[in-house]
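**Q** Contents are compact mmCIF, C-alpha atoms; file name coords31.txt:
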```txt
# COMPACT_ATOMS: atom_id res chain seq x y z
CA MET A 1 0.00 0.00 0.00
CA LEU A 2 2.89 2.38 0.66
CA PHE A 3 3.42 2.87 -3.05
CA ASP A 4 -0.25 3.12 -4.04
CA ALA A 5 -1.63 6.44 -5.20
CA LEU A 6 -4.07 8.40 -3.01
CA GLU A 7 -6.66 10.83 -4.32
CA ASN A 8 -9.09 13.27 -2.82
CA PRO A 9 -11.33 15.68 -4.77
CA ASN A 10 -8.58 18.31 -4.92
CA MET A 11 -5.39 16.38 -5.65
CA ARG A 12 -3.71 13.08 -6.47
CA MET A 13 -0.62 11.82 -4.66
CA ALA A 14 1.59 9.29 -6.44
CA ASN A 15 2.22 7.26 -3.27
CA ARG A 16 1.42 7.20 0.47
CA ILE A 17 4.83 8.55 1.52
CA VAL A 18 4.90 12.07 2.96
CA MET A 19 8.03 14.13 3.52
CA ALA A 20 7.50 15.49 7.03
CA PRO A 21 8.05 19.19 7.81
CA MET A 22 11.61 19.80 9.03
CA THR A 23 13.21 23.11 9.97
CA ARG A 24 16.51 23.51 8.07
CA CYS A 25 17.38 27.23 8.48
CA ARG A 26 18.64 27.95 4.95
CA ALA A 27 16.93 31.31 4.32
CA ASP A 28 18.37 34.75 5.04
CA GLN A 29 17.28 36.14 8.40
CA ARG A 30 16.89 39.68 7.02
CA ASP A 31 14.20 39.04 4.42
CA ALA A 32 13.15 35.42 5.16
CA VAL A 33 12.93 34.75 1.40
CA PRO A 34 13.49 31.11 0.34
CA SER A 35 16.91 30.63 -1.24
CA ASP A 36 17.85 28.97 -4.53
CA LEU A 37 19.44 26.22 -2.44
CA MET A 38 16.00 25.49 -1.01
CA VAL A 39 14.55 25.15 -4.51
CA GLU A 40 17.02 22.36 -5.24
CA TYR A 41 16.48 20.71 -1.83
CA TYR A 42 12.74 20.33 -2.33
CA ARG A 43 13.07 19.41 -6.01
CA GLN A 44 15.35 16.51 -5.10
CA ARG A 45 12.67 15.07 -2.81
CA ALA A 46 9.63 15.53 -5.07
CA SER A 47 9.09 11.78 -5.50
CA ALA A 48 7.27 11.82 -2.15
CA GLY A 49 3.52 11.60 -2.59
CA LEU A 50 3.30 14.85 -0.63
CA ILE A 51 5.90 17.23 0.75
CA ILE A 52 4.97 19.32 3.76
CA SER A 53 7.35 22.26 3.88
CA GLU A 54 9.37 23.32 6.85
CA GLY A 55 7.57 25.65 9.23
CA VAL A 56 6.77 28.98 7.56
CA PRO A 57 6.30 31.91 9.99
CA VAL A 58 3.22 33.96 9.12
CA SER A 59 4.58 37.22 10.55
CA ASP A 60 7.83 38.65 11.84
CA ARG A 61 6.78 38.04 15.44
CA ALA A 62 5.85 34.45 14.57
CA ARG A 63 9.53 33.64 14.05
CA GLY A 64 11.23 31.49 16.65
CA TYR A 65 14.52 30.50 15.01
CA ILE A 66 17.11 32.20 12.83
CA ASN A 67 17.03 31.84 9.03
CA THR A 68 13.57 30.34 8.66
CA PRO A 69 11.81 31.12 5.34
CA ALA A 70 8.55 32.97 5.87
CA LEU A 71 5.32 33.85 4.11
CA TRP A 72 3.94 37.26 5.02
CA ASN A 73 4.85 39.31 1.92
CA LYS A 74 5.02 39.06 -1.87
CA ASP A 75 8.81 38.70 -2.07
CA GLN A 76 8.63 35.65 0.15
CA ALA A 77 5.76 34.23 -1.92
CA ASP A 78 7.83 34.75 -5.07
CA GLY A 79 10.66 32.79 -3.50
CA TRP A 80 8.33 29.96 -2.52
CA LYS A 81 6.88 29.93 -6.04
CA LYS A 82 10.27 28.81 -7.33
CA VAL A 83 10.12 25.95 -4.84
CA ALA A 84 6.55 24.93 -5.71
CA ASP A 85 7.22 25.16 -9.44
CA ALA A 86 10.30 22.94 -9.12
CA VAL A 87 8.39 20.33 -7.11
CA HIS A 88 5.51 20.32 -9.58
CA ALA A 89 7.88 20.05 -12.57
CA ALA A 90 9.32 16.92 -10.93
CA GLY A 91 5.82 15.45 -10.49
CA GLY A 92 5.36 16.18 -6.80
CA ARG A 93 2.86 17.89 -4.52
CA ILE A 94 3.69 20.35 -1.74
CA PHE A 95 1.87 22.00 1.18
CA ALA A 96 3.16 25.02 3.12
CA GLN A 97 3.26 24.49 6.87
CA LEU A 98 1.99 27.74 8.40
CA TRP A 99 3.66 28.41 11.73
CA HIS A 100 3.68 30.66 14.76
CA CYS A 101 6.27 29.75 17.37
CA GLY A 102 4.64 31.64 20.23
CA ARG A 103 6.79 31.59 23.36
CA ILE A 104 9.52 29.53 21.63
CA SER A 105 11.30 32.65 20.47
CA HIS A 106 13.54 35.61 21.34
CA SER A 107 13.40 39.36 20.72
CA ALA A 108 16.62 39.19 18.66
CA LEU A 109 14.63 37.37 15.96
CA HIS A 110 12.09 40.20 15.54
CA LYS A 111 12.83 43.37 13.59
CA ASP A 112 11.07 45.53 16.15
CA GLY A 113 12.74 43.80 19.08
CA SER A 114 9.39 42.58 20.44
CA LEU A 115 9.34 39.87 23.07
CA PRO A 116 7.84 36.48 22.21
CA ALA A 117 4.06 36.27 22.05
CA GLY A 118 2.48 33.66 24.30
CA VAL A 119 -0.85 32.33 25.42
CA SER A 120 0.32 33.43 28.87
CA ALA A 121 3.45 34.91 30.43
CA ALA A 122 4.92 31.51 31.33
CA ALA A 123 8.44 31.11 29.96
CA ALA A 124 9.65 27.98 28.16
CA LYS A 125 12.74 26.37 29.65
CA VAL A 126 14.32 25.64 26.27
CA LYS A 127 16.83 27.30 23.94
CA THR A 128 16.63 28.58 20.39
CA PHE A 129 18.91 29.82 17.59
CA ILE A 130 19.32 33.59 17.30
CA PRO A 131 21.65 36.00 15.45
CA GLY A 132 24.87 36.40 17.39
CA PRO A 133 26.81 39.69 17.72
CA ASP A 134 29.05 38.71 14.78
CA GLY A 135 26.12 37.62 12.62
CA ALA A 136 26.77 33.94 13.24
CA VAL A 137 24.20 31.62 14.78
CA ALA A 138 24.08 31.76 18.57
CA ILE A 139 22.18 29.60 21.03
CA SER A 140 20.11 31.41 23.65
CA PRO A 141 17.38 30.58 26.16
CA CYS A 142 13.94 31.61 24.98
CA GLU A 143 12.84 34.86 26.58
CA PRO A 144 9.73 35.07 28.76
CA PRO A 145 6.74 35.85 26.53
CA VAL A 146 4.14 38.57 26.75
CA ALA A 147 0.59 37.24 26.89
CA LEU A 148 -1.36 38.15 23.77
CA SER A 149 -4.34 40.45 24.24
CA THR A 150 -7.71 39.28 22.93
CA ALA A 151 -7.42 41.74 20.05
CA GLU A 152 -3.96 40.41 19.21
CA VAL A 153 -5.25 36.84 19.21
CA LYS A 154 -7.97 37.79 16.76
CA ALA A 155 -5.39 39.52 14.55
CA LEU A 156 -3.48 36.25 14.32
CA VAL A 157 -6.36 34.78 12.33
CA GLN A 158 -5.82 37.50 9.73
CA ASP A 159 -2.07 36.74 9.67
CA PHE A 160 -2.76 33.10 8.85
CA GLY A 161 -5.39 34.04 6.27
CA ASN A 162 -2.89 36.36 4.61
CA ALA A 163 -0.23 33.63 4.60
CA ALA A 164 -2.70 31.20 3.03
CA ARG A 165 -3.46 33.68 0.25
CA LEU A 166 0.26 34.10 -0.38
CA ALA A 167 0.69 30.31 -0.37
CA LEU A 168 -1.97 30.07 -3.06
CA LEU A 169 -0.20 32.79 -5.04
CA ALA A 170 3.05 30.83 -4.68
CA GLY A 171 1.46 27.73 -6.16
CA PHE A 172 1.28 25.48 -3.11
CA ASP A 173 -1.25 22.64 -3.34
CA GLY A 174 -2.52 23.31 0.17
CA VAL A 175 -1.42 24.31 3.65
CA GLU A 176 -0.81 22.61 6.96
CA VAL A 177 -1.65 24.50 10.16
CA HIS A 178 1.07 23.64 12.68
CA GLY A 179 -0.84 22.90 15.86
CA ALA A 180 1.79 20.65 17.44
CA ASN A 181 5.17 20.43 19.19
CA GLY A 182 4.68 23.11 21.81
CA TYR A 183 4.25 26.03 19.41
CA LEU A 184 1.53 28.66 19.69
CA PHE A 185 -1.61 26.60 18.98
CA ASP A 186 -0.34 23.81 21.22
CA GLN A 187 0.29 26.40 23.93
CA PHE A 188 -3.34 27.52 23.65
CA ARG A 189 -4.53 23.89 23.88
CA CYS A 190 -2.47 23.15 26.98
CA PRO A 191 -4.49 23.54 30.23
CA PHE A 192 -1.25 24.00 32.21
CA LEU A 193 -0.14 27.01 30.15
CA ASN A 194 -3.44 28.56 29.12
CA ASP A 195 -4.61 30.58 32.12
CA ARG A 196 -6.68 33.03 30.08
CA SER A 197 -10.04 34.32 31.23
CA ASP A 198 -11.25 35.48 27.80
CA GLU A 199 -12.95 33.44 25.06
CA TYR A 200 -9.66 31.69 24.27
CA GLY A 201 -9.12 30.16 27.72
CA GLY A 202 -10.77 27.84 30.18
CA SER A 203 -12.83 25.15 28.48
CA LEU A 204 -11.48 22.74 25.88
CA GLU A 205 -13.64 24.45 23.26
CA ASN A 206 -12.14 27.83 24.15
CA ARG A 207 -8.57 26.51 24.16
CA TYR A 208 -9.06 25.16 20.62
CA ARG A 209 -11.00 28.23 19.44
CA LEU A 210 -8.01 29.99 17.87
CA LEU A 211 -6.84 26.93 15.96
CA LEU A 212 -10.31 26.34 14.53
CA GLU A 213 -10.76 30.01 13.62
CA VAL A 214 -7.48 29.78 11.69
CA VAL A 215 -8.56 26.52 10.03
CA ASP A 216 -11.74 28.23 8.87
CA ALA A 217 -9.76 31.20 7.55
CA VAL A 218 -7.28 29.15 5.52
CA ALA A 219 -10.01 26.79 4.31
CA GLY A 220 -11.72 29.86 2.90
CA VAL A 221 -8.68 30.27 0.65
CA PHE A 222 -7.85 26.71 -0.39
CA GLY A 223 -11.03 24.79 0.42
CA PRO A 224 -11.12 22.40 3.38
CA MET A 225 -9.95 19.33 1.43
CA SER A 226 -6.58 21.01 0.85
CA ILE A 227 -6.03 21.76 4.54
CA CYS A 228 -3.99 19.70 6.99
CA VAL A 229 -3.81 20.15 10.77
CA ARG A 230 -0.87 18.78 12.76
CA GLN A 231 -1.20 17.56 16.34
CA SER A 232 1.26 15.85 18.69
CA PRO A 233 -0.61 13.87 21.37
CA TYR A 234 1.54 12.91 24.38
CA GLY A 235 4.21 15.32 23.13
CA LEU A 236 6.73 16.90 25.51
CA PHE A 237 8.77 19.00 23.05
CA ASN A 238 9.39 22.63 23.97
CA ASP A 239 8.74 22.25 27.68
CA MET A 240 5.21 20.88 27.32
CA GLN A 241 3.30 18.61 29.69
CA PRO A 242 1.18 15.64 28.60
CA ASP A 243 -2.48 16.42 28.10
CA PRO A 244 -4.40 15.04 31.09
CA GLU A 245 -7.28 13.74 28.94
CA PRO A 246 -5.92 12.84 25.48
CA LEU A 247 -8.95 10.86 24.37
CA THR A 248 -11.23 13.78 25.16
CA THR A 249 -8.90 16.50 23.88
CA TYR A 250 -7.85 15.00 20.56
CA GLY A 251 -11.22 13.37 20.01
CA TYR A 252 -12.72 16.84 20.16
CA ILE A 253 -10.43 18.34 17.54
CA ALA A 254 -10.83 15.30 15.29
CA ARG A 255 -14.62 15.70 15.35
CA GLU A 256 -14.37 19.42 14.65
CA LEU A 257 -12.12 18.80 11.65
CA GLU A 258 -14.48 16.11 10.40
CA GLN A 259 -17.43 18.49 10.60
CA ARG A 260 -15.50 21.00 8.52
CA GLY A 261 -14.49 18.46 5.88
CA VAL A 262 -10.78 19.09 6.47
CA GLY A 263 -8.76 16.82 4.19
CA PHE A 264 -5.83 15.79 6.41
CA LEU A 265 -5.09 15.21 10.10
CA HIS A 266 -1.35 14.84 10.75
CA LEU A 267 -0.46 12.98 13.95
CA TYR A 268 3.13 13.19 15.18
CA ASP A 269 4.31 10.54 17.63
CA GLN A 270 7.34 12.30 19.08
CA ASP A 271 8.75 9.20 20.78
CA GLY A 272 7.62 6.66 18.18
CA ASN A 273 5.76 4.54 20.71
CA TRP A 274 1.99 5.07 20.57
CA LEU A 275 0.85 5.13 16.94
CA CYS A 276 1.82 1.47 16.44
CA ASP A 277 0.81 0.33 19.92
CA SER A 278 -2.39 -1.70 19.52
CA ALA A 279 -3.03 -1.35 23.26
CA ASN A 280 -3.24 2.43 23.00
CA PRO A 281 -6.83 3.42 22.14
CA LEU A 282 -6.17 6.94 20.83
CA LEU A 283 -5.49 6.29 17.14
CA ALA A 284 -8.54 4.02 16.82
CA ALA A 285 -10.67 6.69 18.51
CA LEU A 286 -9.40 9.38 16.15
CA ARG A 287 -10.01 7.12 13.16
CA ASP A 288 -13.62 6.66 14.29
CA ALA A 289 -14.08 10.42 14.78
CA TYR A 290 -12.36 11.62 11.63
CA HIS A 291 -12.81 10.18 8.14
CA GLY A 292 -10.39 12.27 6.11
CA SER A 293 -6.80 11.23 5.44
CA ILE A 294 -4.76 10.58 8.56
CA ILE A 295 -1.01 11.13 8.22
CA ALA A 296 0.99 9.16 10.81
CA CYS A 297 4.52 10.37 11.61
CA GLY A 298 7.17 9.20 14.02
CA GLY A 299 9.90 6.58 13.76
CA PHE A 300 8.43 4.46 10.99
CA THR A 301 10.24 1.89 8.89
CA ALA A 302 8.91 0.64 5.57
CA ASP A 303 7.54 -2.47 7.32
CA SER A 304 5.84 -0.65 10.19
CA ALA A 305 4.42 1.86 7.71
CA GLU A 306 2.92 -0.91 5.59
CA ALA A 307 1.43 -2.54 8.68
CA LEU A 308 -0.27 0.64 9.86
CA LEU A 309 -1.65 1.39 6.40
CA ALA A 310 -3.00 -2.17 6.19
CA SER A 311 -4.81 -1.67 9.51
CA GLY A 312 -6.83 1.16 7.97
CA LYS A 313 -6.01 3.50 10.86
CA ALA A 314 -3.84 5.78 8.70
CA ASN A 315 -3.81 6.72 5.02
CA LEU A 316 -0.32 8.22 4.66
CA ILE A 317 2.98 7.81 6.49
CA ALA A 318 5.38 10.73 7.01
CA PHE A 319 9.13 10.30 7.18
CA GLY A 320 11.44 13.03 8.41
CA LYS A 321 15.19 12.59 8.97
CA ALA A 322 15.41 9.73 6.46
CA PHE A 323 14.49 12.20 3.71
CA ILE A 324 17.37 14.49 4.72
CA SER A 325 20.05 11.96 3.76
CA ASN A 326 18.00 10.06 1.18
CA PRO A 327 16.45 12.38 -1.42
CA ASP A 328 15.47 9.20 -3.29
CA LEU A 329 13.84 7.67 -0.20
CA VAL A 330 10.76 6.49 -2.09
CA GLU A 331 12.78 4.46 -4.57
CA ARG A 332 15.09 3.11 -1.88
CA MET A 333 12.09 1.86 0.07
CA ARG A 334 10.52 0.44 -3.07
CA ARG A 335 13.65 -1.59 -3.82
CA GLY A 336 14.55 -2.38 -0.22
CA VAL A 337 17.89 -0.56 -0.55
CA GLU A 338 19.84 0.40 2.59
CA LEU A 339 19.30 4.00 3.67
CA THR A 340 22.11 6.52 4.01
CA PRO A 341 22.49 7.71 7.62
CA TRP A 342 21.96 11.40 8.35
CA ASP A 343 24.43 13.84 9.87
CA GLN A 344 22.69 15.76 12.63
CA ALA A 345 25.44 18.40 12.69
CA THR A 346 24.14 19.67 9.33
CA PHE A 347 20.45 19.86 10.24
CA TYR A 348 20.38 23.58 11.07
CA ALA A 349 23.63 24.71 9.47
CA SER A 350 24.01 26.91 6.41
CA GLY A 351 25.11 25.92 2.91
CA ALA A 352 24.80 22.79 0.82
CA LYS A 353 26.59 20.33 3.12
CA GLY A 354 24.11 17.75 4.37
CA TYR A 355 21.37 19.59 2.47
CA THR A 356 21.66 19.32 -1.30
CA ASP A 357 25.05 17.65 -1.68
CA ILE A 358 23.81 14.09 -1.09
CA ARG A 359 25.40 11.92 -3.76
CA ARG A 360 24.42 8.34 -2.88
CA TRP A 361 21.68 7.93 -5.43
CA ILE A 362 20.44 4.57 -6.67
CA ASP A 363 21.89 3.60 -10.04
```
I need this file expressed as structure tokens, please.
**A**
Amino acid sequence: MLFDALENPNMRMANRIVMAPMTRCRADQRDAVPSDLMVEYYRQRASAGLIISEGVPVSDRARGYINTPALWNKDQADGWKKVADAVHAAGGRIFAQLWHCGRISHSALHKDGSLPAGVSAAAAKVKTFIPGPDGAVAISPCEPPVALSTAEVKALVQDFGNAARLALLAGFDGVEVHGANGYLFDQFRCPFLNDRSDEYGGSLENRYRLLLEVVDAVAGVFGPMSICVRQSPYGLFNDMQPDPEPLTTYGYIARELEQRGVGFLHLYDQDGNWLCDSANPLLAALRDAYHGSIIACGGFTADSAEALLASGKANLIAFGKAFISNPDLVERMRRGVELTPWDQATFYASGAKGYTDIRRWID
């Protein structure tokens, strides 16, 4: 099944293999325009049934790491159009992952020097990459955020709507709303961080209100079948705590996405231990609640991917790091060829090394 095509009313994917979104930090911090190196990187990997781009900040204040390519103005959209055109010319499909880092950020990343924007004022005990005094990449603790006002929260919906319109202009096939991994929407979901007393805090419905308002806004641009929402149940990245009621929490968002006809629900298993655990009831519950295409991501091999697809609990399998060092991952899996190991030291570096210079292609 891994190599079977998948279709929905808006698009056809050549196989069930998804290239997962991965931050690679190859844009210029000053203008956040995608580089020509990025065009080649994505083109090389276009044999995936679907590519989900690295996280794309929707505003300057949405940035949380140095050198991430963004999507809030026309120059950035023009840069991404080169990427989308190259992927399409190679027969692939690509979504833009729209991103707001929230409290995972630092004022040095923002042109106006603004502090990170958070659901609350609680600081994250993690570090990020910022511009150093000599222009090189420096590592710094995230700064304590400023809690967004209600008006600022509502303005975020417009930021995402604007980014979706630019993504359409750039030629993307759809967008993914990044609601996972401890970034802004996940911060709103979290009952331990979200201490708000307005319409975006308190109940589960209120804590998911912003995410769903954004989903509605971007679906108004692309149509709901070309929208993906990413979630990370049980995730601890970026100083998060496990949700106390995962069946209730993620069952709720799955039902809401089903009611809206959203095309894709992307589930990231950060530790690679629950999506394939038959004793864990969450995936089966989400499959019952949501009938669009479920993308499963997290530590899969070709064999475990085939097994999950055969179970009917997922429709697509996303692979991350393996795509970094194996641009021809689809063909390697098809033939059962050994995969090239990745070099983690190059993940967030600059230049072609470990990015586009991979030479171990199948003959």
**Q** Can you tell me which residues surround Leu109 (chain A) at a distance of at most 12 Å, considering all atoms listed in the file, apart from same-chain residues fewer than 5 positions away, and format the answer as a PyMOL selection string?
**A** chain A and resi 28-32+57+59-68+101+104+114-116+128-132+135+137-140+142-143
**Q** Taking all atoms listed in the file into account, name the residue in A:Glu40, A:Asp271, A:Asp112, A:Asp159 that is nearest to Val218 (chain A).
**A**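 Among A:Glu40, A:Asp271, A:Asp112, A:Asp159, it is A:Asp159 that comes nearest to Val218 (chain A).
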**Q** With all atoms listed in the file as the counted atoms, please give the residues lying no more than 7 Å from region 183-200 of chain A, apart from itself and same-chain residues fewer than 5 positions off, as a list in words.
**A**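 Everything that qualifies: His100, Cys101, Gly102, Ile104, Gly118, Val119, Ser120, Ala122, Asn206, Arg207, Tyr208, Arg209, Leu210, Leu211 and Asp243 of chain A.
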**Q** Take the residues just selected and output them with C-alpha atoms as an mmCIF file, in the frame of the given file.
**A**
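Below is the file that was written, again-v9.cif:
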```cif
data_model
loop_
_atom_site.group_PDB
_atom_site.id
_atom_site.type_symbol
_atom_site.label_atom_id
_atom_site.label_comp_id
_atom_site.auth_asym_id
_atom_site.auth_seq_id
_atom_site.Cartn_x
_atom_site.Cartn_y
_atom_site.Cartn_z
ATOM 1 C CA HIS A 100 3.680 30.660 14.760
ATOM 2 C CA CYS A 101 6.270 29.750 17.370
ATOM 3 C CA GLY A 102 4.640 31.640 20.230
ATOM 4 C CA ILE A 104 9.520 29.530 21.630
ATOM 5 C CA GLY A 118 2.480 33.660 24.300
ATOM 6 C CA VAL A 119 -0.850 32.330 25.420
ATOM 7 C CA SER A 120 0.320 33.430 28.870
ATOM 8 C CA ALA A 122 4.920 31.510 31.330
ATOM 9 C CA ASN A 206 -12.140 27.830 24.150
ATOM 10 C CA ARG A 207 -8.570 26.510 24.160
ATOM 11 C CA TYR A 208 -9.060 25.160 20.620
ATOM 12 C CA ARG A 209 -11.000 28.230 19.440
ATOM 13 C CA LEU A 210 -8.010 29.990 17.870
ATOM 14 C CA LEU A 211 -6.840 26.930 15.960
ATOM 15 C CA ASP A 243 -2.480 16.420 28.100
#
```
**Q** Between A:Ser35, A:Ser226, A:Asn326, A:Asn280, single out the one closest to Asn10 (chain A), counting all atoms listed in the file.
**A** A:Ser226
**Q** Tell me, as a ChimeraX atom specification, which residues lie within 8 Å of Arg24 (chain A), counting only C-alpha atoms; anything in the same chain fewer than 6 positions away does not count.
**A** /A:54,68,347-349
**Q** Do you have the CA of Asn15 (chain A)-CA of Asp85 (chain A) distance handy?
**A**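 Between CA of Asn15 (chain A) and CA of Asp85 (chain A) the gap is 19.6 Å.
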**Q** Please determine, counting all atoms listed in the file, which residue among A:Glu213, A:Glu258, A:Asp269, A:Glu245 has the shortest atom-to-atom distance to Gln231 (chain A).
**A** A:Asp269
**Q** May I ask for the distance between CA of Ala136 (chain A) and CA of Gly79 (chain A), given in Å to one decimal place?
**A** 23.3 Å
